[in-house]
Structures are given as structure tokens and as C-alpha cells.
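Participant: As input, take structure.pdb (PDB, C-alpha atoms):
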MODEL        1
ATOM      1  CA  MET A 431     132.094 108.632  84.728  1.00  0.00           C
ATOM      2  CA  LYS A 432     133.414 107.898  88.230  1.00  0.00           C
ATOM      3  CA  LYS A 433     131.195 110.651  89.604  1.00  0.00           C
ATOM      4  CA  LEU A 434     128.115 109.038  88.039  1.00  0.00           C
ATOM      5  CA  VAL A 435     129.017 105.638  89.481  1.00  0.00           C
ATOM      6  CA  SER A 436     129.528 107.177  92.922  1.00  0.00           C
ATOM      7  CA  ILE A 437     126.183 108.957  92.810  1.00  0.00           C
ATOM      8  CA  THR A 438     124.413 105.796  91.642  1.00  0.00           C
ATOM      9  CA  ALA A 439     126.016 103.780  94.439  1.00  0.00           C
ATOM     10  CA  ALA A 440     125.000 106.356  97.051  1.00  0.00           C
ATOM     11  CA  VAL A 441     121.395 106.408  95.843  1.00  0.00           C
ATOM     12  CA  THR A 442     121.257 102.596  95.879  1.00  0.00           C
ATOM     13  CA  ILE A 443     122.604 102.426  99.429  1.00  0.00           C
ATOM     14  CA  LEU A 444     120.067 104.984 100.634  1.00  0.00           C
ATOM     15  CA  ALA A 445     117.224 103.123  98.929  1.00  0.00           C
ATOM     16  CA  VAL A 446     118.219  99.818 100.536  1.00  0.00           C
ATOM     17  CA  ALA A 447     118.614 101.481 103.930  1.00  0.00           C
ATOM     18  CA  SER A 448     115.140 103.006 103.724  1.00  0.00           C
ATOM     19  CA  LEU A 449     113.608  99.651 102.793  1.00  0.00           C
ATOM     20  CA  SER A 450     115.258  97.929 105.725  1.00  0.00           C
ATOM     21  CA  SER A 451     113.670 100.384 108.168  1.00  0.00           C
ATOM     22  CA  ALA A 452     110.184  99.146 107.263  1.00  0.00           C
ATOM     23  CA  ALA A 453     108.558  96.777 109.729  1.00  0.00           C
ATOM     24  CA  SER A 454     106.404  93.830 108.644  1.00  0.00           C
ATOM     25  CA  ILE A 455     103.504  92.333 110.558  1.00  0.00           C
ATOM     26  CA  LYS A 456     100.831  89.760 109.836  1.00  0.00           C
ATOM     27  CA  GLY A 457      97.600  89.276 111.712  1.00  0.00           C
ATOM     28  CA  PRO A 458      93.913  90.124 111.944  1.00  0.00           C
ATOM     29  CA  VAL A 459      92.505  93.618 111.589  1.00  0.00           C
ATOM     30  CA  THR A 460      90.822  94.469 114.890  1.00  0.00           C
ATOM     31  CA  LYS A 461      89.569  97.977 114.077  1.00  0.00           C
ATOM     32  CA  ILE A 462      89.181 100.263 111.039  1.00  0.00           C
ATOM     33  CA  THR A 463      88.470 103.971 111.500  1.00  0.00           C
ATOM     34  CA  PRO A 464      87.945 106.492 108.671  1.00  0.00           C
ATOM     35  CA  ASN A 465      89.667 109.844 109.263  1.00  0.00           C
ATOM     36  CA  ALA A 466      88.393 113.313 108.328  1.00  0.00           C
ATOM     37  CA  ASP A 467      91.133 113.734 105.687  1.00  0.00           C
ATOM     38  CA  GLY A 468      90.012 110.626 103.758  1.00  0.00           C
ATOM     39  CA  SER A 469      92.718 108.347 105.123  1.00  0.00           C
ATOM     40  CA  TYR A 470      92.074 105.400 107.433  1.00  0.00           C
ATOM     41  CA  THR A 471      93.502 104.164 110.705  1.00  0.00           C
ATOM     42  CA  ALA A 472      93.657 100.398 111.155  1.00  0.00           C
ATOM     43  CA  VAL A 473      94.636  98.361 114.195  1.00  0.00           C
ATOM     44  CA  ILE A 474      96.339  95.033 113.460  1.00  0.00           C
ATOM     45  CA  LYS A 475      97.171  92.406 116.081  1.00  0.00           C
ATOM     46  CA  ASP A 476     100.537  90.934 115.107  1.00  0.00           C
ATOM     47  CA  GLU A 477     100.241  87.150 115.353  1.00  0.00           C
ATOM     48  CA  ALA A 478     103.930  86.738 116.236  1.00  0.00           C
ATOM     49  CA  THR A 479     104.125  89.215 119.139  1.00  0.00           C
ATOM     50  CA  LYS A 480     100.405  89.503 120.008  1.00  0.00           C
ATOM     51  CA  LYS A 481     100.972  93.287 120.044  1.00  0.00           C
ATOM     52  CA  ASP A 482      98.468  95.748 118.553  1.00  0.00           C
ATOM     53  CA  TYR A 483      99.846  98.099 115.899  1.00  0.00           C
ATOM     54  CA  VAL A 484      98.020 101.266 114.861  1.00  0.00           C
ATOM     55  CA  VAL A 485      98.741 101.915 111.182  1.00  0.00           C
ATOM     56  CA  GLU A 486      97.795 104.983 109.128  1.00  0.00           C
ATOM     57  CA  VAL A 487      96.625 104.135 105.602  1.00  0.00           C
ATOM     58  CA  ALA A 488      96.869 106.953 103.068  1.00  0.00           C
ATOM     59  CA  ASP A 489      97.492 105.258  99.693  1.00  0.00           C
ATOM     60  CA  ASP A 490      94.536 105.280  97.307  1.00  0.00           C
ATOM     61  CA  LEU A 491      94.535 101.539  96.523  1.00  0.00           C
ATOM     62  CA  THR A 492      94.265 100.499 100.173  1.00  0.00           C
ATOM     63  CA  LYS A 493      91.762 103.281 100.958  1.00  0.00           C
ATOM     64  CA  ASP A 494      89.566 101.902  98.156  1.00  0.00           C
ATOM     65  CA  LYS A 495      89.826  98.386  99.598  1.00  0.00           C
ATOM     66  CA  LEU A 496      88.846  99.631 103.061  1.00  0.00           C
ATOM     67  CA  SER A 497      85.984 101.868 101.873  1.00  0.00           C
ATOM     68  CA  GLY A 498      84.719  99.149  99.505  1.00  0.00           C
ATOM     69  CA  LYS A 499      84.756  96.580 102.329  1.00  0.00           C
ATOM     70  CA  LYS A 500      87.274  94.345 100.518  1.00  0.00           C
ATOM     71  CA  ILE A 501      89.289  94.436 103.745  1.00  0.00           C
ATOM     72  CA  VAL A 502      87.185  94.354 106.917  1.00  0.00           C
ATOM     73  CA  VAL A 503      87.613  93.688 110.640  1.00  0.00           C
ATOM     74  CA  ASP A 504      88.832  90.124 111.333  1.00  0.00           C
ATOM     75  CA  ASP A 505      90.510  89.785 107.916  1.00  0.00           C
ATOM     76  CA  GLU A 506      94.054  88.426 108.059  1.00  0.00           C
ATOM     77  CA  VAL A 507      96.448  90.987 106.531  1.00  0.00           C
ATOM     78  CA  LYS A 508     100.127  91.458 105.803  1.00  0.00           C
ATOM     79  CA  VAL A 509     101.332  94.988 106.458  1.00  0.00           C
ATOM     80  CA  LYS A 510     104.639  96.746 105.893  1.00  0.00           C
ATOM     81  CA  PHE A 511     104.924 100.139 107.521  1.00  0.00           C
ATOM     82  CA  GLU A 512     107.423 102.850 108.324  1.00  0.00           C
ATOM     83  CA  GLU A 513     107.451 105.194 111.283  1.00  0.00           C
ATOM     84  CA  LYS A 514     107.004 108.766 110.076  1.00  0.00           C
ATOM     85  CA  GLY A 515     106.375 111.652 112.416  1.00  0.00           C
ATOM     86  CA  GLY A 516     105.585 109.325 115.311  1.00  0.00           C
ATOM     87  CA  LYS A 517     102.983 107.387 113.296  1.00  0.00           C
ATOM     88  CA  ASN A 518     103.139 104.003 111.598  1.00  0.00           C
ATOM     89  CA  VAL A 519     102.382 104.700 107.929  1.00  0.00           C
ATOM     90  CA  SER A 520     101.579 101.727 105.710  1.00  0.00           C
ATOM     91  CA  ALA A 521     103.840 101.037 102.759  1.00  0.00           C
ATOM     92  CA  LYS A 522     102.037  97.810 101.826  1.00  0.00           C
ATOM     93  CA  PHE A 523      98.670  96.547 103.100  1.00  0.00           C
ATOM     94  CA  LEU A 524      97.299  93.274 101.670  1.00  0.00           C
ATOM     95  CA  LYS A 525      94.994  90.464 102.641  1.00  0.00           C
ATOM     96  CA  ALA A 526      97.122  87.480 103.641  1.00  0.00           C
ATOM     97  CA  ALA A 527      95.263  85.373 101.078  1.00  0.00           C
ATOM     98  CA  GLY A 528      95.688  88.078  98.451  1.00  0.00           C
ATOM     99  CA  CYS A 529      93.330  90.852  97.454  1.00  0.00           C
TER
ENDMDL
END
As C-alpha cells, how would this structure be written, given the file I've shared?
Facilitator:
Amino acid sequence: MKKLVSITAAVTILAVASLSSAASIKGPVTKITPNADGSYTAVIKDEATKKDYVVEVADDLTKDKLSGKKIVVDDEVKVKFEEKGGKNVSAKFLKAAGC
């Protein structure tokens, strides 16, 4: 029983640690580029820092929104991303007003 509790605690700590490494930004989309592999690259200008962030979008829901023009250049978005392999990979990508 103690072993199970220890394993559960370790998994919980790792899950929380991985969530805390995600960065969040909010701002307008300045560029959307489709990639050969079916993913998209989006550039978002963070309204807080005025810095441009290049974010790779690979999840099907967001790819559908980008290909279906539900999210377009100049839309205000909220993005959570993690750095993986030197790239910012989106974990959450939504219109600020909801989409």
C-alpha cells in the first residue's frame, strides 16, 4: 500500500512540474504558415512583452480551426506552449473570445 501511495505521489509531482513549464501568451496572430507535414506554424505577438513567438501547432482541433479559417491573422488568441526540441509546441490554442 505504501508503495502505491509513493508511486502516485511521484506521478502527481511530475505532472504538476510538467504543467508549470508551459508558457502562456495572449495577443494577435501575425502570421499562419501551413507546413508540409500537415501541421501549422503561427506567429503570435505577446501583448504583455510585445515579443513575437513562433509556435508549432500539431493537434488536430487547432489544425482544423486554422485550415477552416476559424482562426486567422489578426485574431486575438490565448496560447499555452512548451519548448520541445528547440521549438515552441502549442498545448492550448484558443481565440481570446472563445472558439
Participant: Please identify all polymer residues within 8 Å of stretch 477-489 of chain A, counting all atoms listed in the file, omitting same-chain residues fewer than 5 positions from it, and present them as a VMD selection string.
Facilitator: chain A and resid 455 to 458 468 to 472 511 517 to 520
Participant: What gap, in Å, lies between atom CA of A:Ala527 and atom CA of A:Asp467?
Facilitator: 29.0 Å
Participant: Go through the shown structure with the PyMOL selection byres ((chain A and resi 523) around 7) and write out the matching residues as a VMD selection string.
Facilitator: chain A and resid 492 507 to 510 520 to 522 524
Participant: Neighbours of A:Lys461 within 8 Å (all atoms listed in the file; same-chain residues fewer than 5 positions away dropped), as a ChimeraX atom specification?
Facilitator: /A:472-474,503
Participant: Under the rule that all atoms listed in the file are counted, which of A:Leu491, A:Ala452, A:Leu496, A:Ala526 is the nearest residue to A:Pro464?
Facilitator: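 When distances to A:Pro464 are compared using all atoms listed in the file, the smallest one comes from A:Leu496.
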Participant: Report, in Å to a single decimal, how far apart atom CA of A:Ala453 and atom CA of A:Lys514 are.
Facilitator: 12.1 Å
Participant: Would you compute the distance between atom CA of A:Asp504 and atom CA of A:Ala466? Give it in Å to one decimal.
Facilitator: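 Interatomic distance, atom CA of A:Asp504 to atom CA of A:Ala466: 23.4 Å.
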Participant: My list of candidates is A:Asn465, A:Thr460, A:Ser454, A:Gly515. Which is closest to A:Ser497 when distances are computed with all atoms listed in the file?
Facilitator: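 With all atoms listed in the file as the atom set, the closest residue is A:Asn465.
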Participant: Counting only C-alpha atoms, which residue out of A:Asp494, A:Gly516, A:Lys500, A:Glu506 sits closest to A:Val459?
Facilitator: A:Glu506
Participant: To box stretch 478-494 of chain A, take all atoms listed in the file, fit an axis-aligned box, add 3 Å on each side, and give centre and edge lengths in Å to one decimal, as JSON.
Facilitator:
{"center_x": 96.8, "center_y": 96.8, "center_z": 108.3, "size_x": 20.6, "size_y": 26.2, "size_z": 29.5}
Participant: Provide stretch 449-470 of chain A rebuilt to N, CA, C and O atoms, formatted as a CSV table (one decimal), in the coordinates of the input.
Facilitator:
chain,number,residue,atom,x,y,z
A,449,LEU,N,114.4,100.8,102.8
A,449,LEU,CA,113.6,99.7,102.8
A,449,LEU,C,113.8,98.8,104.0
A,449,LEU,O,112.9,98.2,104.5
A,450,SER,N,115.0,98.8,104.6
A,450,SER,CA,115.3,97.9,105.7
A,450,SER,C,114.6,98.5,107.0
A,450,SER,O,114.5,97.8,108.0
A,451,SER,N,114.3,99.8,107.0
A,451,SER,CA,113.7,100.4,108.2
A,451,SER,C,112.2,100.1,108.3
A,451,SER,O,111.6,100.4,109.3
A,452,ALA,N,111.6,99.5,107.2
A,452,ALA,CA,110.2,99.1,107.3
A,452,ALA,C,110.0,97.9,108.1
A,452,ALA,O,110.7,97.0,108.1
A,453,ALA,N,108.9,97.9,108.9
A,453,ALA,CA,108.6,96.8,109.7
A,453,ALA,C,107.5,96.0,109.0
A,453,ALA,O,106.6,96.6,108.3
A,454,SER,N,107.4,94.7,109.2
A,454,SER,CA,106.4,93.8,108.6
A,454,SER,C,105.7,93.1,109.7
A,454,SER,O,106.3,92.6,110.7
A,455,ILE,N,104.3,93.1,109.6
A,455,ILE,CA,103.5,92.3,110.6
A,455,ILE,C,102.4,91.6,109.8
A,455,ILE,O,102.1,91.9,108.6
A,456,LYS,N,101.9,90.6,110.4
A,456,LYS,CA,100.8,89.8,109.8
A,456,LYS,C,99.9,89.4,111.0
A,456,LYS,O,100.3,89.0,112.0
A,457,GLY,N,98.6,89.6,110.7
A,457,GLY,CA,97.6,89.3,111.7
A,457,GLY,C,96.2,89.8,111.3
A,457,GLY,O,96.1,90.5,110.3
A,458,PRO,N,95.3,89.7,112.2
A,458,PRO,CA,93.9,90.1,111.9
A,458,PRO,C,93.8,91.6,112.2
A,458,PRO,O,94.4,92.2,113.1
A,459,VAL,N,92.9,92.2,111.4
A,459,VAL,CA,92.5,93.6,111.6
A,459,VAL,C,91.5,93.6,112.7
A,459,VAL,O,90.5,92.9,112.7
A,460,THR,N,91.7,94.4,113.8
A,460,THR,CA,90.8,94.5,114.9
A,460,THR,C,89.9,95.7,114.9
A,460,THR,O,88.9,95.7,115.5
A,461,LYS,N,90.4,96.8,114.1
A,461,LYS,CA,89.6,98.0,114.1
A,461,LYS,C,90.0,98.8,112.8
A,461,LYS,O,91.1,98.8,112.5
A,462,ILE,N,89.0,99.4,112.2
A,462,ILE,CA,89.2,100.3,111.0
A,462,ILE,C,88.4,101.5,111.3
A,462,ILE,O,87.2,101.5,111.6
A,463,THR,N,89.1,102.7,111.2
A,463,THR,CA,88.5,104.0,111.5
A,463,THR,C,88.8,104.9,110.3
A,463,THR,O,89.9,105.2,110.0
A,464,PRO,N,87.7,105.5,109.7
A,464,PRO,CA,87.9,106.5,108.7
A,464,PRO,C,88.3,107.8,109.3
A,464,PRO,O,87.8,108.2,110.4
A,465,ASN,N,89.2,108.6,108.7
A,465,ASN,CA,89.7,109.8,109.3
A,465,ASN,C,89.0,111.0,108.4
A,465,ASN,O,88.6,110.8,107.3
A,466,ALA,N,89.0,112.2,109.0
A,466,ALA,CA,88.4,113.3,108.3
A,466,ALA,C,89.1,113.7,107.0
A,466,ALA,O,88.4,114.2,106.1
A,467,ASP,N,90.4,113.4,106.9
A,467,ASP,CA,91.1,113.7,105.7
A,467,ASP,C,91.0,112.7,104.6
A,467,ASP,O,91.7,112.8,103.5
A,468,GLY,N,90.2,111.7,104.8
A,468,GLY,CA,90.0,110.6,103.8
A,468,GLY,C,90.9,109.4,103.9
A,468,GLY,O,90.8,108.4,103.3
A,469,SER,N,91.9,109.5,104.8
A,469,SER,CA,92.7,108.3,105.1
A,469,SER,C,92.0,107.4,106.1
A,469,SER,O,90.9,107.7,106.6
A,470,TYR,N,92.6,106.3,106.5
A,470,TYR,CA,92.1,105.4,107.4
A,470,TYR,C,93.1,105.1,108.5
A,470,TYR,O,94.3,105.1,108.2
